[in-house]
$ cat run.cif   # mmCIF, C-alpha atoms
data_query
#
loop_
_atom_site.label_atom_id
_atom_site.label_comp_id
_atom_site.auth_asym_id
_atom_site.auth_seq_id
_atom_site.Cartn_x
_atom_site.Cartn_y
_atom_site.Cartn_z
CA MET A 117 16.32 -1.30 0.41
CA LYS A 118 16.68 -4.76 -1.10
CA THR A 119 14.70 -5.69 -4.20
CA ASN A 120 11.96 -8.30 -4.17
CA HIS A 121 10.87 -9.64 -7.56
CA PHE A 122 7.63 -11.15 -6.26
CA LEU A 123 5.39 -8.65 -8.00
CA LEU A 124 6.62 -9.09 -11.56
CA ALA A 125 3.59 -11.01 -12.88
CA ALA A 126 0.89 -11.33 -15.39
CA GLY A 127 -8.60 21.12 -7.41
CA VAL A 128 -9.22 19.87 -3.79
CA SER A 129 -8.56 21.40 -0.36
CA LEU A 130 -8.01 19.66 2.94
CA ALA A 131 -9.56 20.16 6.36
CA LEU A 132 -7.09 19.27 9.11
CA ALA A 133 -8.08 18.04 12.55
CA PHE A 134 -6.45 16.62 15.66
CA THR A 135 -7.87 13.82 17.75
CA PHE A 136 -6.97 13.27 21.39
CA SER A 137 -7.73 10.40 23.72
CA CYS A 138 -7.20 9.61 27.37
CA SER A 139 -4.59 7.11 28.44
CA SER A 140 -5.35 4.39 30.96
CA ASP A 141 -3.53 6.28 33.73
CA GLY A 142 -5.85 9.26 33.39
CA GLY A 143 -3.51 11.51 31.39
CA SER A 144 -4.12 12.64 27.84
CA LYS A 145 -2.01 11.75 24.84
CA LEU A 146 -2.05 12.60 21.15
CA GLU A 147 -3.73 9.62 19.53
CA GLU A 148 -3.62 10.64 15.90
CA HIS A 149 -3.72 13.51 13.43
CA THR A 150 -6.44 13.45 10.80
CA PHE A 151 -7.45 15.29 7.67
CA VAL A 152 -10.58 15.26 5.54
CA ASP A 153 -10.38 14.73 1.79
CA ILE A 154 -13.32 16.89 0.66
CA ARG A 155 -13.54 15.08 -2.69
CA ASP A 156 -15.52 12.39 -0.86
CA ASN A 157 -15.49 13.56 2.80
CA LYS A 158 -13.36 10.61 3.90
CA THR A 159 -11.23 11.15 6.98
CA TYR A 160 -7.67 9.82 7.00
CA ALA A 161 -5.17 9.49 9.81
CA TYR A 162 -1.60 10.63 9.23
CA VAL A 163 1.69 10.28 11.09
CA VAL A 164 5.08 12.00 11.09
CA ILE A 165 7.99 9.58 10.68
CA GLY A 166 11.39 11.22 10.66
CA SER A 167 11.33 14.04 8.11
CA GLN A 168 8.24 12.72 6.30
CA THR A 169 4.48 12.85 6.90
CA TRP A 170 2.59 9.76 5.72
CA MET A 171 -1.03 8.77 5.55
CA ALA A 172 -1.56 6.15 8.26
CA GLU A 173 -3.97 4.15 6.09
CA ASN A 174 -4.35 3.28 2.44
CA LEU A 175 -6.15 5.57 0.05
CA ASN A 176 -9.83 4.69 -0.46
CA HIS A 177 -10.82 7.24 -3.11
CA ALA A 178 -13.09 5.75 -5.77
CA VAL A 179 -12.08 6.57 -9.34
CA ALA A 180 -12.56 4.71 -12.61
CA GLY A 181 -10.03 1.89 -12.76
CA SER A 182 -9.83 1.36 -8.99
CA LYS A 183 -11.37 -1.62 -7.24
CA CYS A 184 -11.99 -3.02 -3.81
CA TYR A 185 -10.32 -6.37 -3.17
CA GLY A 186 -12.59 -8.94 -4.82
CA GLY A 187 -14.69 -6.39 -6.70
CA ASP A 188 -15.80 -7.51 -10.17
CA GLY A 189 -13.69 -10.65 -9.90
CA GLU A 190 -12.69 -13.64 -7.82
CA VAL A 191 -10.32 -14.03 -4.88
CA TYR A 192 -7.86 -16.78 -4.09
CA GLY A 193 -9.52 -19.19 -1.68
CA GLY A 194 -6.98 -21.98 -1.31
CA LEU A 195 -5.31 -24.77 -3.21
CA ASN A 196 -6.78 -27.98 -4.62
CA GLU A 197 -3.81 -30.17 -3.78
CA GLU A 198 -5.08 -33.16 -5.76
CA ALA A 199 -5.43 -31.18 -8.97
CA TYR A 200 -2.60 -28.76 -8.13
CA GLU A 201 -4.94 -25.88 -8.92
CA ARG A 202 -5.67 -22.63 -7.15
CA ILE A 203 -9.28 -22.25 -6.02
CA TYR A 204 -10.99 -18.90 -6.60
CA ILE A 205 -14.24 -17.77 -5.03
CA THR A 206 -16.65 -14.86 -5.50
CA LEU A 207 -17.20 -12.54 -2.55
CA SER A 208 -20.52 -11.02 -1.56
CA ALA A 209 -21.10 -7.31 -2.09
CA ALA A 210 -20.86 -6.80 1.67
CA GLU A 211 -17.50 -8.59 1.81
CA VAL A 212 -16.15 -6.45 -1.03
CA ARG A 213 -17.25 -3.25 0.72
CA ALA A 214 -15.66 -4.45 3.95
CA ASN A 215 -12.37 -5.01 2.13
CA CYS A 216 -12.39 -1.42 0.86
CA ALA A 217 -13.11 -0.13 4.35
CA LYS A 218 -10.24 -2.19 5.79
CA TYR A 219 -7.59 -2.08 3.07
CA GLY A 220 -8.52 0.90 0.89
CA ARG A 221 -8.88 0.56 -2.87
CA LEU A 222 -6.49 -1.07 -5.33
CA TYR A 223 -5.21 0.87 -8.36
CA ASP A 224 -3.25 0.08 -11.49
CA TRP A 225 -0.24 2.34 -11.93
CA ALA A 226 -1.75 4.75 -14.46
CA THR A 227 -4.88 5.14 -12.32
CA ALA A 228 -2.75 5.76 -9.24
CA MET A 229 -0.77 8.36 -11.20
CA ASN A 230 -3.98 9.90 -12.66
CA ILE A 231 -2.66 9.67 -16.22
CA ALA A 232 -3.89 7.97 -19.39
CA SER A 233 -4.13 4.18 -19.22
CA THR A 234 -1.82 3.89 -22.24
CA TYR A 235 1.07 4.66 -19.88
CA ASN A 236 0.59 1.26 -18.26
CA GLY A 237 2.41 0.02 -21.34
CA SER A 238 4.78 2.89 -22.08
CA SER A 239 7.08 5.30 -20.32
CA TYR A 240 5.77 8.37 -18.52
CA PRO A 241 8.50 10.76 -17.31
CA VAL A 242 7.96 11.88 -13.73
CA SER A 243 9.75 14.81 -12.14
CA GLY A 244 9.27 16.11 -8.64
CA LYS A 245 6.27 15.32 -6.47
CA HIS A 246 3.49 13.70 -8.49
CA GLN A 247 0.03 14.11 -6.94
CA GLY A 248 -1.70 11.38 -8.92
CA VAL A 249 -4.88 10.15 -7.26
CA CYS A 250 -3.82 11.57 -3.87
CA PRO A 251 -5.54 14.62 -2.32
CA ASN A 252 -4.09 18.10 -2.80
CA ASN A 253 -0.88 18.65 -0.84
CA TRP A 254 -0.18 14.89 -0.92
CA HIS A 255 1.50 12.79 -3.60
CA ILE A 256 2.43 9.28 -4.72
CA PRO A 257 5.77 8.43 -3.04
CA SER A 258 8.77 8.00 -5.28
CA ASP A 259 11.06 5.01 -4.94
CA ASP A 260 13.52 7.30 -3.14
CA GLU A 261 10.86 8.46 -0.68
CA TRP A 262 10.01 4.85 0.19
CA ALA A 263 13.77 4.30 0.70
CA THR A 264 13.93 7.30 3.03
CA LEU A 265 11.16 5.82 5.16
CA ILE A 266 12.76 2.38 5.32
CA ASN A 267 16.24 3.72 6.03
CA TYR A 268 14.94 5.91 8.85
CA VAL A 269 13.02 3.07 10.51
CA GLU A 270 15.99 0.72 10.26
CA SER A 271 18.39 3.34 11.61
CA GLN A 272 16.14 3.94 14.61
CA GLY A 273 15.77 0.20 15.17
CA GLY A 274 19.48 -0.47 14.79
CA CYS A 275 18.80 -3.30 12.35
CA THR A 276 18.63 -4.21 8.67
CA TYR A 277 15.78 -5.84 6.72
CA CYS A 278 13.51 -5.24 9.70
CA ALA A 279 11.42 -2.18 8.78
CA GLY A 280 8.27 -4.19 8.14
CA ASN A 281 8.23 -5.29 11.75
CA TYR A 282 8.01 -1.65 12.86
CA LEU A 283 5.58 -0.52 10.14
CA LYS A 284 3.06 -3.39 10.06
CA ALA A 285 -0.18 -3.10 12.04
CA LYS A 286 -0.47 -4.95 15.33
CA THR A 287 -3.36 -7.05 13.99
CA GLY A 288 -4.62 -8.20 10.60
CA TRP A 289 -1.65 -10.20 9.31
CA ASN A 290 -1.81 -13.98 8.98
CA ALA A 291 0.53 -16.28 10.90
CA TYR A 292 3.48 -18.16 9.40
CA GLU A 293 4.28 -21.62 10.78
CA GLY A 294 2.52 -20.71 13.99
CA ILE A 295 4.30 -17.36 14.36
CA SER A 296 2.25 -14.18 14.16
CA GLY A 297 2.84 -12.05 11.09
CA ASN A 298 1.69 -8.91 12.88
CA GLY A 299 4.07 -6.03 13.52
CA LEU A 300 4.85 -3.59 16.31
CA ASP A 301 3.34 -0.55 14.54
CA THR A 302 5.91 1.59 16.34
CA TYR A 303 5.24 4.70 14.25
CA GLY A 304 1.50 4.36 13.66
CA PHE A 305 2.01 3.59 9.96
CA SER A 306 -0.37 0.63 10.43
CA ALA A 307 0.46 -1.24 7.21
CA LEU A 308 -2.12 -3.93 6.36
CA PRO A 309 -1.92 -6.81 3.87
CA GLY A 310 -4.34 -5.63 1.18
CA GLY A 311 -3.15 -8.15 -1.41
CA ASP A 312 -3.28 -7.35 -5.11
CA GLY A 313 -5.34 -7.84 -8.26
CA ASN A 314 -4.66 -8.27 -11.96
CA SER A 315 -6.22 -7.36 -15.28
CA TYR A 316 -7.82 -10.81 -15.57
CA GLY A 317 -10.13 -10.22 -12.61
CA TYR A 318 -8.28 -12.29 -10.02
CA PHE A 319 -7.30 -11.08 -6.57
CA ASN A 320 -4.66 -12.66 -4.36
CA ASP A 321 -3.09 -12.67 -0.92
CA ALA A 322 -5.10 -10.28 1.27
CA GLY A 323 -4.05 -11.13 4.81
CA ASP A 324 -0.63 -12.29 3.62
CA TYR A 325 0.97 -9.50 1.60
CA GLY A 326 0.79 -5.74 1.19
CA ASN A 327 1.93 -4.00 -2.01
CA TRP A 328 2.14 -0.24 -2.57
CA TRP A 329 2.95 1.76 -5.70
CA SER A 330 5.67 4.33 -6.16
CA SER A 331 5.75 7.00 -8.87
CA SER A 332 9.07 5.63 -10.19
CA GLU A 333 9.21 3.50 -13.30
CA TYR A 334 11.38 0.40 -13.49
CA GLU A 335 14.46 1.37 -15.50
CA ILE A 336 14.71 -1.88 -17.46
CA ASP A 337 11.08 -2.18 -18.53
CA SER A 338 8.67 0.74 -19.09
CA ASP A 339 5.75 -1.68 -18.53
CA ALA A 340 6.73 -1.92 -14.85
CA ALA A 341 7.14 0.41 -11.87
CA TYR A 342 8.71 0.22 -8.44
CA GLY A 343 6.77 -0.24 -5.22
CA LEU A 344 7.02 -1.51 -1.67
CA PHE A 345 6.24 -5.02 -0.47
CA MET A 346 5.58 -6.46 3.00
CA GLY A 347 4.77 -10.06 3.87
CA TYR A 348 3.31 -11.94 6.80
CA ASP A 349 6.24 -14.37 6.76
CA TYR A 350 9.17 -12.00 7.32
CA GLU A 351 10.04 -8.73 9.02
CA ASP A 352 11.34 -6.77 6.04
CA ALA A 353 9.75 -4.01 3.99
CA ALA A 354 11.29 -4.62 0.60
CA ARG A 355 11.64 -2.67 -2.61
CA SER A 356 9.70 -4.41 -5.36
CA PHE A 357 8.66 -3.90 -8.96
CA GLY A 358 5.71 -5.13 -10.96
CA TYR A 359 3.76 -4.69 -14.15
CA LYS A 360 1.80 -1.43 -14.16
CA THR A 361 -1.44 -3.29 -14.90
CA LEU A 362 -1.39 -4.88 -11.44
CA LEU A 363 -3.83 -3.49 -8.88
CA LEU A 364 -1.93 -2.40 -5.77
CA SER A 365 -2.53 -0.20 -2.75
CA VAL A 366 -1.69 3.52 -2.60
CA ARG A 367 -0.24 5.27 0.44
CA CYS A 368 0.23 9.03 0.02
CA VAL A 369 3.01 11.19 1.49
CA GLN A 370 2.63 14.89 2.24
CA ASP A 371 4.26 17.47 -0.03
CA TRP A 372 6.14 19.17 2.81
#
$ encode --input "run.cif" --output "structure tokens"
Amino acid sequence: MKTNHFLLAAGVSLALAFTFSCSSDGGSKLEEHTFVDIRDNKTYAYVVIGSQTWMAENLNHAVAGSKCYGGDGEVYGGLNEEAYERIYITLSAAEVRANCAKYGRLYDWATAMNIASTYNGSSYPVSGKHQGVCPNNWHIPSDDEWATLINYVESQGGCTYCAGNYLKAKTGWNAYEGISGNGLDTYGFSALPGGDGNSYGYFNDAGDYGNWWSSSEYEIDSDAAYGLFMGYDYEDAARSFGYKTLLLSVRCVQDW
């Protein structure tokens, strides 16, 4: 996985279910697997990709410190070219709720890891599978587990720096110079561009970029942690790192 420096800036049980649908030719096919997180009765899809089982959507579990995109703040709404200033706007309550339904919630690193907020500014040693804010039997992916996903997708595609094209959803990504930023969603991972937020109450780039935490700290700076980044303007899924106080998406991976 190549590194992208874009981000460096200011007791539950599960109910499992299987959903089937009919194909257009009259036969049946497995559409998706689902499970219910009984903490809040939300149903999540999941997919098997190589040796791993991933949630097929971002986590949307409400805990203190998590926010919907635009919640309690302002979102980037364009650029004032004359003043060379970014324009920020306030979303309605309905728009904020819709963002949570579409993208899941955004979490700072300590909230995602379900540890004290002081660890956003200091080192927290992680060993093994760290559940964090994920449901039981699921955990926050490590940097190595993200690498395993990317390496598998690229090996199956016979390409390099192309995993985003196979993991991004078929709709929901903005276009770049007239070219669609959507992906093939070959594995049902259905990655969406949920953007990010910061501690100052500003949210940026929903529709353009998706950013997901890992449980692995950045070796050079204990204030930062690794994650995964996808953009509308290229086909890669890139390793990234950012300050732990950023609000990013969470995608859980199963323990087995």
$ residues_around --input "run.cif" --residues "Ile205 in chain A" --least-positions-apart "4" --cutoff "6 Å" --atoms "all atoms listed in the file" --output "JSON, numbers by chain"
{"A": [190, 191, 193]}
$ closest_atom_pairs --input "run.cif" --of "range 233-319 of chain A" --to "range 348-369 of chain A" --cutoff "6 Å" --atoms "only C-alpha atoms" --output "CSV"
residue,atom,partner,partner_atom,distance
A:Asn236,CA,A:Lys360,CA,5.1
A:Trp254,CA,A:Val369,CA,5.4
A:His255,CA,A:Cys368,CA,5.4
A:Ile256,CA,A:Cys368,CA,5.2
A:Pro257,CA,A:Val369,CA,6.0
A:Tyr277,CA,A:Asp352,CA,4.6
A:Cys278,CA,A:Asp352,CA,4.5
A:Ala279,CA,A:Asp352,CA,5.3
A:Gly280,CA,A:Ala353,CA,4.4
A:Asn281,CA,A:Glu351,CA,4.8
A:Trp289,CA,A:Tyr348,CA,5.8
A:Asn290,CA,A:Tyr348,CA,5.9
A:Tyr292,CA,A:Asp349,CA,5.4
A:Gly297,CA,A:Tyr348,CA,4.3
A:Asp312,CA,A:Leu364,CA,5.2
A:Gly313,CA,A:Leu363,CA,4.6
A:Asn314,CA,A:Leu362,CA,4.7
$ closest_residue --input "run.cif" --among "A:Gln370, A:Asn320, A:Asn267, A:Asn176" --to "Tyr204 in chain A" --atoms "only C-alpha atoms"
A:Asn320
$ closest_residue --input "run.cif" --among "A:Leu344, A:Ala322, A:Ile165, A:Val179" --to "Leu265 in chain A" --atoms "all atoms listed in the file"
A:Ile165
$ axis_aligned_box --input "run.cif" --around "range 312-330 of chain A" --padding-each-side "8 Å" --output "AutoDock Vina command-line options"
--center_x -2.2 --center_y -4.2 --center_z -5.4 --size_x 31.8 --size_y 33.0 --size_z 36.4
$ resolve_selection --input "run.cif" --expression "the PyMOL selection byres ((chain A and resi 237) around 7)" --output "PyMOL selection string"
chain A and resi 234-236+238+338-339
$ resolve_selection --input "run.cif" --expression "the PyMOL selection byres ((chain A and resi 241) around 9)" --output "compact mmCIF listing (two decimals) with C-alpha atoms, keeping the file's coordinate frame"
# COMPACT_ATOMS: atom_id res chain seq x y z
CA SER A 239 7.08 5.30 -20.32
CA TYR A 240 5.77 8.37 -18.52
CA VAL A 242 7.96 11.88 -13.73
CA SER A 243 9.75 14.81 -12.14
CA SER A 332 9.07 5.63 -10.19
CA GLU A 333 9.21 3.50 -13.30
$ residues_around --input "run.cif" --residues "Trp372 in chain A" --least-positions-apart "6" --cutoff "8 Å" --atoms "all atoms listed in the file" --output "PDB file with C-alpha atoms, keeping the file's coordinate frame"
ATOM      1  CA  GLN A 168       8.240  12.720   6.300  1.00  0.00           C
ATOM      2  CA  THR A 169       4.480  12.850   6.900  1.00  0.00           C
ATOM      3  CA  ASN A 253      -0.880  18.650  -0.840  1.00  0.00           C
TER       4      ASN A 253
END
$ atom_distance --input "run.cif" --atom1 "CA of Val152 in chain A" --atom2 "CA of Ser306 in chain A"
18.5 Å
$ closest_residue --input "run.cif" --among "A:Leu308, A:Ala178, A:Val164, A:Met229" --to "Lys286 in chain A" --atoms "all atoms listed in the file"
A:Leu308
$ atom_distance --input "run.cif" --atom1 "CA of Gly326 in chain A" --atom2 "CA of Asp153 in chain A"
23.3 Å
$ resolve_selection --input "run.cif" --expression "the PyMOL selection byres ((chain A and resi 208) around 12)" --output "number ranges by chain"
A: 184-191, 205-207, 209-215
$ closest_residue --input "run.cif" --among "A:Tyr342, A:Ala228, A:Ile203, A:Glu198" --to "Gly248 in chain A" --atoms "all atoms listed in the file"
A:Ala228
$ atom_distance --input "run.cif" --atom1 "CA of Thr227 in chain A" --atom2 "CA of Ala341 in chain A"
12.9 Å
$ closest_residue --input "run.cif" --among "A:Gly323, A:Gly166, A:Gly244, A:Gly220" --to "Lys183 in chain A" --atoms "all atoms listed in the file"
A:Gly220
